[in-house]
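As provided, structure.pdb (PDB, C-alpha atoms and all ligand atoms) reads as follows.
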ATOM      1  CA  MET A 239       0.000   0.000   0.000  1.00  0.00           C
ATOM      2  CA  LEU A 240       1.090   3.589  -0.677  1.00  0.00           C
ATOM      3  CA  SER A 241       2.862   4.961   2.396  1.00  0.00           C
ATOM      4  CA  SER A 242       0.634   7.531   4.080  1.00  0.00           C
ATOM      5  CA  ALA A 243       3.541  10.008   4.299  1.00  0.00           C
ATOM      6  CA  ARG A 244       3.848  10.016   0.467  1.00  0.00           C
ATOM      7  CA  LEU A 245       0.094  10.271   0.092  1.00  0.00           C
ATOM      8  CA  PHE A 246      -0.137  13.262   2.449  1.00  0.00           C
ATOM      9  CA  GLN A 247       2.839  14.937   0.767  1.00  0.00           C
ATOM     10  CA  ALA A 248       0.809  14.841  -2.483  1.00  0.00           C
ATOM     11  CA  VAL A 249      -2.505  16.016  -1.005  1.00  0.00           C
ATOM     12  CA  ALA A 250      -1.288  18.547   1.576  1.00  0.00           C
ATOM     13  CA  LEU A 251      -3.151  21.556   0.173  1.00  0.00           C
ATOM     14  CA  PRO A 252      -6.550  19.895  -0.412  1.00  0.00           C
ATOM     15  CA  TYR A 253      -6.211  18.270   3.036  1.00  0.00           C
ATOM     16  CA  GLN A 254      -5.713  21.680   4.592  1.00  0.00           C
ATOM     17  CA  LEU A 255      -8.674  23.133   2.686  1.00  0.00           C
ATOM     18  CA  VAL A 256     -11.160  20.467   3.789  1.00  0.00           C
ATOM     19  CA  THR A 257     -10.006  20.213   7.403  1.00  0.00           C
ATOM     20  CA  ARG A 258     -10.170  23.957   8.150  1.00  0.00           C
ATOM     21  CA  HIS A 259     -13.658  23.161   9.357  1.00  0.00           C
ATOM     22  CA  PRO A 260     -15.282  24.148  12.686  1.00  0.00           C
ATOM     23  CA  VAL A 261     -15.966  20.527  13.706  1.00  0.00           C
ATOM     24  CA  TRP A 262     -12.336  19.511  13.068  1.00  0.00           C
ATOM     25  CA  GLU A 263     -11.075  22.644  14.825  1.00  0.00           C
ATOM     26  CA  ARG A 264     -13.347  22.010  17.803  1.00  0.00           C
ATOM     27  CA  HIS A 265     -11.942  18.501  18.218  1.00  0.00           C
ATOM     28  CA  CYS A 266      -8.366  19.814  18.002  1.00  0.00           C
ATOM     29  CA  ALA A 267      -9.200  22.237  20.824  1.00  0.00           C
ATOM     30  CA  LEU A 268     -10.839  19.410  22.799  1.00  0.00           C
ATOM     31  CA  MET A 269      -7.636  17.364  22.643  1.00  0.00           C
ATOM     32  CA  ALA A 270      -5.681  20.305  24.098  1.00  0.00           C
ATOM     33  CA  VAL A 271      -7.949  20.381  27.182  1.00  0.00           C
ATOM     34  CA  ASP A 272      -6.303  17.149  28.407  1.00  0.00           C
ATOM     35  CA  LEU A 273      -2.737  18.456  28.365  1.00  0.00           C
ATOM     36  CA  PRO A 274      -1.085  17.934  31.761  1.00  0.00           C
ATOM     37  CA  PRO A 275      -1.124  21.119  33.858  1.00  0.00           C
ATOM     38  CA  GLY A 276       1.926  23.334  33.277  1.00  0.00           C
ATOM     39  CA  ALA A 277       3.049  21.457  30.137  1.00  0.00           C
ATOM     40  CA  ARG A 278       6.193  23.057  28.648  1.00  0.00           C
ATOM     41  CA  LEU A 279       7.198  20.650  25.870  1.00  0.00           C
ATOM     42  CA  VAL A 280       4.455  19.200  23.705  1.00  0.00           C
ATOM     43  CA  VAL A 281       4.927  17.128  20.561  1.00  0.00           C
ATOM     44  CA  ASP A 282       2.298  16.993  17.832  1.00  0.00           C
ATOM     45  CA  LEU A 283       3.168  13.821  15.976  1.00  0.00           C
ATOM     46  CA  GLY A 284       1.916  13.840  12.370  1.00  0.00           C
ATOM     47  CA  CYS A 285       1.136  17.540  12.672  1.00  0.00           C
ATOM     48  CA  GLY A 286       0.068  17.872   9.023  1.00  0.00           C
ATOM     49  CA  PRO A 287      -0.846  21.470   8.126  1.00  0.00           C
ATOM     50  CA  GLY A 288      -0.826  22.469  11.797  1.00  0.00           C
ATOM     51  CA  ASN A 289      -4.511  22.180  12.736  1.00  0.00           C
ATOM     52  CA  SER A 290      -3.965  20.266  15.966  1.00  0.00           C
ATOM     53  CA  ALA A 291      -0.560  21.871  16.617  1.00  0.00           C
ATOM     54  CA  LYS A 292      -2.009  25.396  16.561  1.00  0.00           C
ATOM     55  CA  HIS A 293      -4.612  24.521  19.212  1.00  0.00           C
ATOM     56  CA  LEU A 294      -1.976  22.830  21.366  1.00  0.00           C
ATOM     57  CA  ARG A 295       0.226  25.923  21.021  1.00  0.00           C
ATOM     58  CA  ASP A 296      -2.651  28.175  22.098  1.00  0.00           C
ATOM     59  CA  ALA A 297      -2.984  26.069  25.253  1.00  0.00           C
ATOM     60  CA  VAL A 298       0.648  25.918  26.451  1.00  0.00           C
ATOM     61  CA  LYS A 299       3.209  28.492  27.534  1.00  0.00           C
ATOM     62  CA  GLY A 300       6.194  26.479  26.316  1.00  0.00           C
ATOM     63  CA  THR A 301       7.139  24.840  23.025  1.00  0.00           C
ATOM     64  CA  VAL A 302       5.035  22.798  20.623  1.00  0.00           C
ATOM     65  CA  VAL A 303       7.094  20.694  18.221  1.00  0.00           C
ATOM     66  CA  GLY A 304       5.212  19.599  15.105  1.00  0.00           C
ATOM     67  CA  ILE A 305       6.700  16.470  13.548  1.00  0.00           C
ATOM     68  CA  ASP A 306       5.799  15.159  10.106  1.00  0.00           C
ATOM     69  CA  PRO A 307       7.703  13.375   7.325  1.00  0.00           C
ATOM     70  CA  ALA A 308       5.792  15.310   4.609  1.00  0.00           C
ATOM     71  CA  ARG A 309       7.659  18.515   3.739  1.00  0.00           C
ATOM     72  CA  ALA A 310       4.576  20.036   2.039  1.00  0.00           C
ATOM     73  CA  MET A 311       2.621  19.623   5.295  1.00  0.00           C
ATOM     74  CA  LEU A 312       5.356  21.300   7.333  1.00  0.00           C
ATOM     75  CA  ALA A 313       5.364  24.292   4.944  1.00  0.00           C
ATOM     76  CA  LEU A 314       1.611  24.736   5.511  1.00  0.00           C
ATOM     77  CA  ALA A 315       2.027  24.322   9.283  1.00  0.00           C
ATOM     78  CA  ARG A 316       4.690  27.058   9.284  1.00  0.00           C
ATOM     79  CA  ARG A 317       2.242  29.434   7.595  1.00  0.00           C
ATOM     80  CA  ARG A 318      -0.601  28.372   9.883  1.00  0.00           C
ATOM     81  CA  ASP A 319       1.295  29.202  13.071  1.00  0.00           C
ATOM     82  CA  PRO A 320       4.810  30.695  13.025  1.00  0.00           C
ATOM     83  CA  ARG A 321       5.149  29.952  16.775  1.00  0.00           C
ATOM     84  CA  LEU A 322       5.509  26.206  16.073  1.00  0.00           C
ATOM     85  CA  ALA A 323       8.857  24.413  16.062  1.00  0.00           C
ATOM     86  CA  LEU A 324       8.694  22.080  13.049  1.00  0.00           C
ATOM     87  CA  VAL A 325      10.796  19.027  12.331  1.00  0.00           C
ATOM     88  CA  GLN A 326      10.747  16.654   9.370  1.00  0.00           C
ATOM     89  CA  ALA A 327      10.947  13.165  10.886  1.00  0.00           C
ATOM     90  CA  ASP A 328       9.255   9.778  11.090  1.00  0.00           C
ATOM     91  CA  GLY A 329       7.128   9.003  14.137  1.00  0.00           C
ATOM     92  CA  ILE A 330       8.936   5.725  14.600  1.00  0.00           C
ATOM     93  CA  ALA A 331      12.190   7.519  15.557  1.00  0.00           C
ATOM     94  CA  LEU A 332      11.387  10.759  17.358  1.00  0.00           C
ATOM     95  CA  PRO A 333      14.277  13.230  17.616  1.00  0.00           C
ATOM     96  CA  LEU A 334      13.825  13.649  21.389  1.00  0.00           C
ATOM     97  CA  ARG A 335      15.627  12.309  24.436  1.00  0.00           C
ATOM     98  CA  ASP A 336      13.958   9.786  26.766  1.00  0.00           C
ATOM     99  CA  GLY A 337      11.465  11.182  29.261  1.00  0.00           C
ATOM    100  CA  THR A 338      11.565  14.782  28.045  1.00  0.00           C
ATOM    101  CA  ALA A 339       8.072  15.527  26.665  1.00  0.00           C
ATOM    102  CA  ASP A 340       5.110  16.587  28.795  1.00  0.00           C
ATOM    103  CA  ALA A 341       2.682  15.387  26.155  1.00  0.00           C
ATOM    104  CA  VAL A 342       2.583  13.773  22.733  1.00  0.00           C
ATOM    105  CA  ALA A 343      -0.532  14.281  20.615  1.00  0.00           C
ATOM    106  CA  LEU A 344      -1.559  12.225  17.598  1.00  0.00           C
ATOM    107  CA  HIS A 345      -4.588  13.468  15.717  1.00  0.00           C
ATOM    108  CA  SER A 346      -5.564  10.978  12.998  1.00  0.00           C
ATOM    109  CA  VAL A 347      -2.072   9.519  12.748  1.00  0.00           C
ATOM    110  CA  LEU A 348      -1.691   6.194  14.578  1.00  0.00           C
ATOM    111  CA  TYR A 349      -4.009   4.297  12.222  1.00  0.00           C
ATOM    112  CA  LEU A 350      -1.847   5.346   9.252  1.00  0.00           C
ATOM    113  CA  LEU A 351       1.350   3.832  10.638  1.00  0.00           C
ATOM    114  CA  PRO A 352       2.492   0.345   9.593  1.00  0.00           C
ATOM    115  CA  ASP A 353       3.837  -0.577  13.069  1.00  0.00           C
ATOM    116  CA  ARG A 354       1.481   0.982  15.603  1.00  0.00           C
ATOM    117  CA  ALA A 355       2.929  -0.876  18.594  1.00  0.00           C
ATOM    118  CA  ALA A 356       6.425   0.449  17.809  1.00  0.00           C
ATOM    119  CA  ALA A 357       5.058   3.983  17.344  1.00  0.00           C
ATOM    120  CA  LEU A 358       3.347   3.878  20.765  1.00  0.00           C
ATOM    121  CA  ARG A 359       6.497   2.527  22.403  1.00  0.00           C
ATOM    122  CA  GLU A 360       8.334   5.506  20.907  1.00  0.00           C
ATOM    123  CA  VAL A 361       5.683   7.868  22.307  1.00  0.00           C
ATOM    124  CA  ALA A 362       6.097   6.264  25.751  1.00  0.00           C
ATOM    125  CA  ARG A 363       9.893   6.552  25.492  1.00  0.00           C
ATOM    126  CA  VAL A 364       9.871  10.338  25.027  1.00  0.00           C
ATOM    127  CA  LEU A 365       7.178  11.051  27.651  1.00  0.00           C
ATOM    128  CA  ARG A 366       8.278  12.006  31.153  1.00  0.00           C
ATOM    129  CA  PRO A 367       6.666  10.084  34.033  1.00  0.00           C
ATOM    130  CA  GLY A 368       3.180  11.591  34.380  1.00  0.00           C
ATOM    131  CA  GLY A 369       3.340  12.901  30.807  1.00  0.00           C
ATOM    132  CA  ARG A 370       0.363  12.224  28.572  1.00  0.00           C
ATOM    133  CA  ALA A 371      -0.398  10.728  25.186  1.00  0.00           C
ATOM    134  CA  LEU A 372      -3.472  12.328  23.582  1.00  0.00           C
ATOM    135  CA  LEU A 373      -4.964  10.536  20.610  1.00  0.00           C
ATOM    136  CA  LEU A 374      -7.869  11.330  18.322  1.00  0.00           C
ATOM    137  CA  GLU A 375      -8.370   8.384  16.016  1.00  0.00           C
ATOM    138  CA  PRO A 376     -11.007   7.059  13.648  1.00  0.00           C
ATOM    139  CA  GLN A 377     -12.925   4.223  15.261  1.00  0.00           C
ATOM    140  CA  HIS A 378     -13.489   0.836  13.695  1.00  0.00           C
ATOM    141  CA  ARG A 379     -17.280   0.663  13.638  1.00  0.00           C
ATOM    142  CA  THR A 380     -20.067  -1.643  12.704  1.00  0.00           C
ATOM    143  CA  ALA A 381     -21.902  -0.692   9.478  1.00  0.00           C
ATOM    144  CA  ALA A 382     -24.853   0.636  11.552  1.00  0.00           C
ATOM    145  CA  GLY A 383     -22.581   2.739  13.774  1.00  0.00           C
ATOM    146  CA  THR A 384     -20.810   4.187  10.770  1.00  0.00           C
ATOM    147  CA  LEU A 385     -24.067   5.035   9.058  1.00  0.00           C
ATOM    148  CA  GLY A 386     -25.362   6.747  12.220  1.00  0.00           C
ATOM    149  CA  GLY A 387     -22.188   8.840  12.511  1.00  0.00           C
ATOM    150  CA  LEU A 388     -22.279   9.831   8.866  1.00  0.00           C
ATOM    151  CA  LEU A 389     -26.004  10.676   8.965  1.00  0.00           C
ATOM    152  CA  SER A 390     -25.474  12.965  11.949  1.00  0.00           C
ATOM    153  CA  SER A 391     -22.970  14.962   9.871  1.00  0.00           C
ATOM    154  CA  LEU A 392     -25.303  15.530   6.924  1.00  0.00           C
ATOM    155  CA  ASP A 393     -26.662  18.893   8.071  1.00  0.00           C
ATOM    156  CA  THR A 394     -23.309  20.453   7.131  1.00  0.00           C
ATOM    157  CA  PRO A 395     -22.307  19.214   3.649  1.00  0.00           C
ATOM    158  CA  LEU A 396     -18.602  20.099   3.944  1.00  0.00           C
ATOM    159  CA  TRP A 397     -18.362  18.233   7.237  1.00  0.00           C
ATOM    160  CA  ALA A 398     -20.160  15.253   5.650  1.00  0.00           C
ATOM    161  CA  LEU A 399     -17.432  15.270   2.972  1.00  0.00           C
ATOM    162  CA  VAL A 400     -14.630  15.429   5.581  1.00  0.00           C
ATOM    163  CA  ALA A 401     -16.269  12.651   7.645  1.00  0.00           C
ATOM    164  CA  SER A 402     -16.665  10.452   4.536  1.00  0.00           C
ATOM    165  CA  LEU A 403     -13.036  10.972   3.495  1.00  0.00           C
ATOM    166  CA  TRP A 404     -11.836  10.206   7.034  1.00  0.00           C
ATOM    167  CA  ARG A 405     -13.987   7.087   7.018  1.00  0.00           C
ATOM    168  CA  ALA A 406     -12.637   5.991   3.599  1.00  0.00           C
ATOM    169  CA  MET A 407      -9.035   6.528   4.722  1.00  0.00           C
ATOM    170  CA  SER A 408      -9.585   4.554   7.911  1.00  0.00           C
ATOM    171  CA  SER A 409     -11.118   1.668   5.942  1.00  0.00           C
ATOM    172  CA  MET A 410      -8.065   1.695   3.670  1.00  0.00           C
ATOM    173  CA  TYR A 411      -5.432   1.756   6.453  1.00  0.00           C
ATOM    174  CA  GLY A 412      -7.479  -0.023   9.138  1.00  0.00           C
ATOM    175  CA  ALA A 413      -8.955   1.722  12.177  1.00  0.00           C
ATOM    176  CA  LEU A 414      -8.780   0.217  15.680  1.00  0.00           C
ATOM    177  CA  THR A 415     -11.694  -0.531  18.002  1.00  0.00           C
ATOM    178  CA  PRO A 416     -11.648   1.305  21.370  1.00  0.00           C
ATOM    179  CA  GLY A 417     -10.674  -1.999  23.017  1.00  0.00           C
ATOM    180  CA  GLU A 418      -7.748  -2.479  20.625  1.00  0.00           C
ATOM    181  CA  LEU A 419      -6.543   1.091  21.139  1.00  0.00           C
ATOM    182  CA  GLY A 420      -6.759   0.774  24.933  1.00  0.00           C
ATOM    183  CA  HIS A 421      -4.851  -2.510  24.818  1.00  0.00           C
ATOM    184  CA  ALA A 422      -2.163  -1.064  22.501  1.00  0.00           C
ATOM    185  CA  LEU A 423      -1.647   1.900  24.855  1.00  0.00           C
ATOM    186  CA  GLU A 424      -1.332  -0.360  27.902  1.00  0.00           C
ATOM    187  CA  GLU A 425       1.076  -2.666  26.037  1.00  0.00           C
ATOM    188  CA  ALA A 426       3.276   0.358  25.345  1.00  0.00           C
ATOM    189  CA  GLY A 427       3.449   1.067  29.087  1.00  0.00           C
ATOM    190  CA  LEU A 428       0.812   3.819  29.190  1.00  0.00           C
ATOM    191  CA  ARG A 429      -2.111   3.923  31.629  1.00  0.00           C
ATOM    192  CA  VAL A 430      -5.427   4.813  30.000  1.00  0.00           C
ATOM    193  CA  LEU A 431      -7.157   7.660  31.843  1.00  0.00           C
ATOM    194  CA  ARG A 432      -9.999   8.226  29.362  1.00  0.00           C
ATOM    195  CA  LEU A 433     -11.230   6.596  26.167  1.00  0.00           C
ATOM    196  CA  GLU A 434     -14.458   7.934  24.685  1.00  0.00           C
ATOM    197  CA  ASP A 435     -16.351   8.510  21.446  1.00  0.00           C
ATOM    198  CA  ALA A 436     -15.531  11.570  19.357  1.00  0.00           C
ATOM    199  CA  PHE A 437     -16.826  12.934  16.028  1.00  0.00           C
ATOM    200  CA  SER A 438     -20.350  11.582  16.690  1.00  0.00           C
ATOM    201  CA  GLY A 439     -18.979   8.089  17.241  1.00  0.00           C
ATOM    202  CA  LEU A 440     -16.906   8.001  14.030  1.00  0.00           C
ATOM    203  CA  GLY A 441     -13.794   8.559  16.110  1.00  0.00           C
ATOM    204  CA  MET A 442     -12.436   8.194  19.626  1.00  0.00           C
ATOM    205  CA  LEU A 443     -10.406  10.320  22.014  1.00  0.00           C
ATOM    206  CA  ALA A 444      -7.882   8.580  24.256  1.00  0.00           C
ATOM    207  CA  VAL A 445      -5.892  10.112  27.098  1.00  0.00           C
ATOM    208  CA  ALA A 446      -3.135   7.945  28.568  1.00  0.00           C
ATOM    209  CA  GLU A 447      -0.415   8.633  31.120  1.00  0.00           C
ATOM    210  CA  ARG A 448       3.112   7.334  31.356  1.00  0.00           C
TER     211      ARG A 448
HETATM  212  C1  LIG B 501      -4.563  12.858   8.705  1.00  0.00           C
HETATM  213  S1  LIG B 501      -3.095  13.804   8.809  1.00  0.00           S
HETATM  214  C2  LIG B 501      -3.274  14.498  10.413  1.00  0.00           C
HETATM  215  C3  LIG B 501      -2.937  15.970  10.422  1.00  0.00           C
HETATM  216  C4  LIG B 501      -3.110  16.741  11.691  1.00  0.00           C
HETATM  217  N1  LIG B 501      -2.797  16.033  12.901  1.00  0.00           N
HETATM  218  C5  LIG B 501      -4.378  17.540  11.794  1.00  0.00           C
HETATM  219  O1  LIG B 501      -4.521  18.122  12.831  1.00  0.00           O
HETATM  220  O2  LIG B 501      -5.205  17.672  10.885  1.00  0.00           O
HETATM  221  C6  LIG B 501      -1.864  12.577   9.051  1.00  0.00           C
HETATM  222  C7  LIG B 501      -0.452  13.122   9.051  1.00  0.00           C
HETATM  223  O3  LIG B 501       0.419  12.074   9.489  1.00  0.00           O
HETATM  224  C8  LIG B 501       1.618  12.182   8.762  1.00  0.00           C
HETATM  225  N2  LIG B 501       2.362  10.909   8.772  1.00  0.00           N
HETATM  226  C9  LIG B 501       2.256   9.862   7.931  1.00  0.00           C
HETATM  227  N3  LIG B 501       3.159   8.909   8.224  1.00  0.00           N
HETATM  228  C10 LIG B 501       3.841   9.355   9.303  1.00  0.00           C
HETATM  229  C11 LIG B 501       4.917   8.834  10.086  1.00  0.00           C
HETATM  230  N4  LIG B 501       5.453   7.641   9.804  1.00  0.00           N
HETATM  231  N5  LIG B 501       5.379   9.571  11.120  1.00  0.00           N
HETATM  232  C12 LIG B 501       4.825  10.765  11.422  1.00  0.00           C
HETATM  233  N6  LIG B 501       3.817  11.325  10.710  1.00  0.00           N
HETATM  234  C13 LIG B 501       3.331  10.626   9.663  1.00  0.00           C
HETATM  235  C14 LIG B 501       1.150  12.574   7.359  1.00  0.00           C
HETATM  236  O4  LIG B 501       2.198  13.127   6.590  1.00  0.00           O
HETATM  237  C15 LIG B 501       0.038  13.551   7.668  1.00  0.00           C
HETATM  238  O5  LIG B 501       0.474  14.873   7.699  1.00  0.00           O
END
Would you mind writing the structure in this file as structure tokens?
Ligand SMILES: C[S@@+](CC[C@H](N)C(=O)[O-])C[C@H]1O[C@@H](n2cnc3c(N)ncnc32)[C@H](O)[C@@H]1O
Amino acid sequence: MLSSARLFQAVALPYQLVTRHPVWERHCALMAVDLPPGARLVVDLGCGPGNSAKHLRDAVKGTVVGIDPARAMLALARRRDPRLALVQADGIALPLRDGTADAVALHSVLYLLPDRAAALREVARVLRPGGRALLLEPQHRTAAGTLGGLLSSLDTPLWALVASLWRAMSSMYGALTPGELGHALEEAGLRVLRLEDAFSGLGMLAVAER
């Protein structure tokens, strides 16, 4: 399958155009609410055009490092928020020392990675004790659950398009169930504090502590 980094390099601009949507923005802000108090170093892994990174940066006094292998995404993130520190790198080998980050956020990233267990171990490695992993992921759903989530988005046509694209991408790369995500986090040495539905049940928000 086409690596997601190459795919997102090619579609960076259209991705930015469709995701500058109030529902997406609201969920980015929601993820930032669970940052540990007083966080100074926050990593946004798979930062893309900077949607999630900008909201994290608004919420912390210190540094937000956006990491993404797609150069086109990093260029958009730089324009979106010049306060971000941006690094071109792969999530499987983060350019950070052990136990240094207060939080690592992944918004719609884990499901794209070929070795999710290794990626979560890398997240756990860079988190300080008490640091948090914040994940917003598409949720593997039954057909009825998916239909319900998509129907609830129909009142806003652009959001229905974003939700359908997100759904198609997660079918292609394979979304996790909440149980699978919780298990993967625990296996990586992280303690799950919260795991709940997001995006009208199409997605899930997980907060886990090292
Ligand atoms: C769906 S986008 C998420 C963008 C962003 N978090 C947002 O707020 O909209 C997924 C991002 O993950 C990045 N990505 C893909 N493979 C990656 C990898 N191995 N390591 C880190 N990021 C990766 C892609 O380049 C893309 O920018």
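The environment of region 337-340 of chain A within 8 Å, counting all atoms listed in the file and disregarding residues fewer than 2 places along the same chain, consists of Pro274, Ala277, Arg278, Leu279, Val280, Val281, Leu334, Arg335, Val342, Arg363, Val364, Leu365, Arg366, Pro367, Gly368, Gly369 and Arg370 of chain A.
Taking only C-alpha atoms and all ligand atoms into account, the protein and nucleic acid residues that come at most 6 Å from ligand LIG 501 (chain B) are Ser242, Ala243, Phe246, Leu283, Gly284, Cys285, Gly286, Gly288, Asn289, Ser290, Asp306, Pro307, Ala308, Met311, Asp328, Gly329, His345, Ser346, Val347 and Leu351 of chain A.
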Closest atom pairs, region 293-392 of chain A residues within 10 Å of region 261-267 of chain A, only C-alpha atoms, as a tab-separated table:
residue	atom	partner	partner_atom	distance
A:His293	CA	A:Ala267	CA	5.4
A:Leu294	CA	A:Ala267	CA	7.3
A:Asp296	CA	A:Ala267	CA	8.9
A:Ala297	CA	A:Ala267	CA	8.5
A:Ala343	CA	A:Cys266	CA	9.9
A:His345	CA	A:Cys266	CA	7.7
A:Leu374	CA	A:His265	CA	8.2
A:Ser391	CA	A:Val261	CA	9.7
Selected residue of minimal separation from Ala323 (chain A) among A:Leu423, A:Ala310, A:Val303, A:Ala446, counting only C-alpha atoms: A:Val303
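The coordinates place CA of Val298 (chain A) at 22.3 Å from CA of Leu428 (chain A).
Between CA of Arg318 (chain A) and CA of Leu372 (chain A) the separation is 21.3 Å.
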Residue contacts of Glu434 (chain A) (8 Å, all atoms listed in the file) excluding same-chain residues fewer than 4 positions away, as a PDB file with C-alpha atoms, in the coordinates of the input:
ATOM      1  CA  PRO A 416     -11.648   1.305  21.370  1.00  0.00           C
ATOM      2  CA  MET A 442     -12.436   8.194  19.626  1.00  0.00           C
ATOM      3  CA  LEU A 443     -10.406  10.320  22.014  1.00  0.00           C
ATOM      4  CA  ALA A 444      -7.882   8.580  24.256  1.00  0.00           C
TER       5      ALA A 444
END
Explicit residue set for the PyMOL selection byres (((chain A and resi 331) around 10) and not hetatm), as a PyMOL selection string: chain A and resi 327-330+332-334+356-357+360-361
Show me, as JSON, the centre and edge lengths in Å to one decimal of the axis-aligned box that covers every listed atom of region 344-363 of chain A with 5 Å on each side.
{"center_x": 2.2, "center_y": 6.3, "center_z": 17.5, "size_x": 25.5, "size_y": 24.3, "size_z": 26.5}
Closest of A:Gly427, A:Ser408, A:Lys299, A:Val256 to Leu358 (chain A), counting all atoms listed in the file, is A:Gly427
Going by the chain IDs and residue numbers used in this file, which residues fall under the PyMOL selection byres (((chain A and resi 411) around 9) and not hetatm)? Write them as a compact mmCIF listing (two decimals) with C-alpha atoms, keeping the file's coordinate frame.
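The resulting file, result.txt, is reproduced below:
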# COMPACT_ATOMS: atom_id res chain seq x y z
CA MET A 239 0.00 0.00 0.00
CA SER A 242 0.63 7.53 4.08
CA TYR A 349 -4.01 4.30 12.22
CA LEU A 350 -1.85 5.35 9.25
CA LEU A 351 1.35 3.83 10.64
CA PRO A 352 2.49 0.34 9.59
CA ALA A 406 -12.64 5.99 3.60
CA MET A 407 -9.04 6.53 4.72
CA SER A 408 -9.59 4.55 7.91
CA SER A 409 -11.12 1.67 5.94
CA MET A 410 -8.06 1.70 3.67
CA GLY A 412 -7.48 -0.02 9.14
CA ALA A 413 -8.96 1.72 12.18
Final N, CA and C atoms of region 279-292 of chain A as a CSV table (one decimal), in the coordinates of the input:
chain,number,residue,atom,x,y,z
A,279,LEU,N,6.7,21.2,27.1
A,279,LEU,CA,7.2,20.6,25.9
A,279,LEU,C,6.2,19.6,25.4
A,280,VAL,N,5.5,20.0,24.3
A,280,VAL,CA,4.5,19.2,23.7
A,280,VAL,C,4.8,18.9,22.3
A,281,VAL,N,4.6,17.6,21.9
A,281,VAL,CA,4.9,17.1,20.6
A,281,VAL,C,3.6,16.8,19.9
A,282,ASP,N,3.5,17.4,18.7
A,282,ASP,CA,2.3,17.0,17.8
A,282,ASP,C,2.8,16.1,16.7
A,283,LEU,N,2.6,14.8,16.9
A,283,LEU,CA,3.2,13.8,16.0
A,283,LEU,C,2.2,13.7,14.8
A,284,GLY,N,2.8,13.8,13.6
A,284,GLY,CA,1.9,13.8,12.4
A,284,GLY,C,1.1,15.1,12.3
A,285,CYS,N,1.8,16.2,12.5
A,285,CYS,CA,1.1,17.5,12.7
A,285,CYS,C,0.4,18.0,11.4
A,286,GLY,N,0.7,17.4,10.2
A,286,GLY,CA,0.1,17.9,9.0
A,286,GLY,C,0.2,19.4,8.8
A,287,PRO,N,-0.9,20.0,8.4
A,287,PRO,CA,-0.8,21.5,8.1
A,287,PRO,C,-1.0,22.3,9.4
A,288,GLY,N,-0.9,21.7,10.6
A,288,GLY,CA,-0.8,22.5,11.8
A,288,GLY,C,-2.1,22.7,12.5
A,289,ASN,N,-3.2,22.0,12.1
A,289,ASN,CA,-4.5,22.2,12.7
A,289,ASN,C,-4.4,21.9,14.2
A,290,SER,N,-4.0,20.7,14.6
A,290,SER,CA,-4.0,20.3,16.0
A,290,SER,C,-2.8,21.0,16.7
A,291,ALA,N,-1.7,21.2,16.0
A,291,ALA,CA,-0.6,21.9,16.6
A,291,ALA,C,-0.9,23.3,17.0
A,292,LYS,N,-1.7,24.0,16.2
A,292,LYS,CA,-2.0,25.4,16.6
A,292,LYS,C,-2.8,25.4,17.9
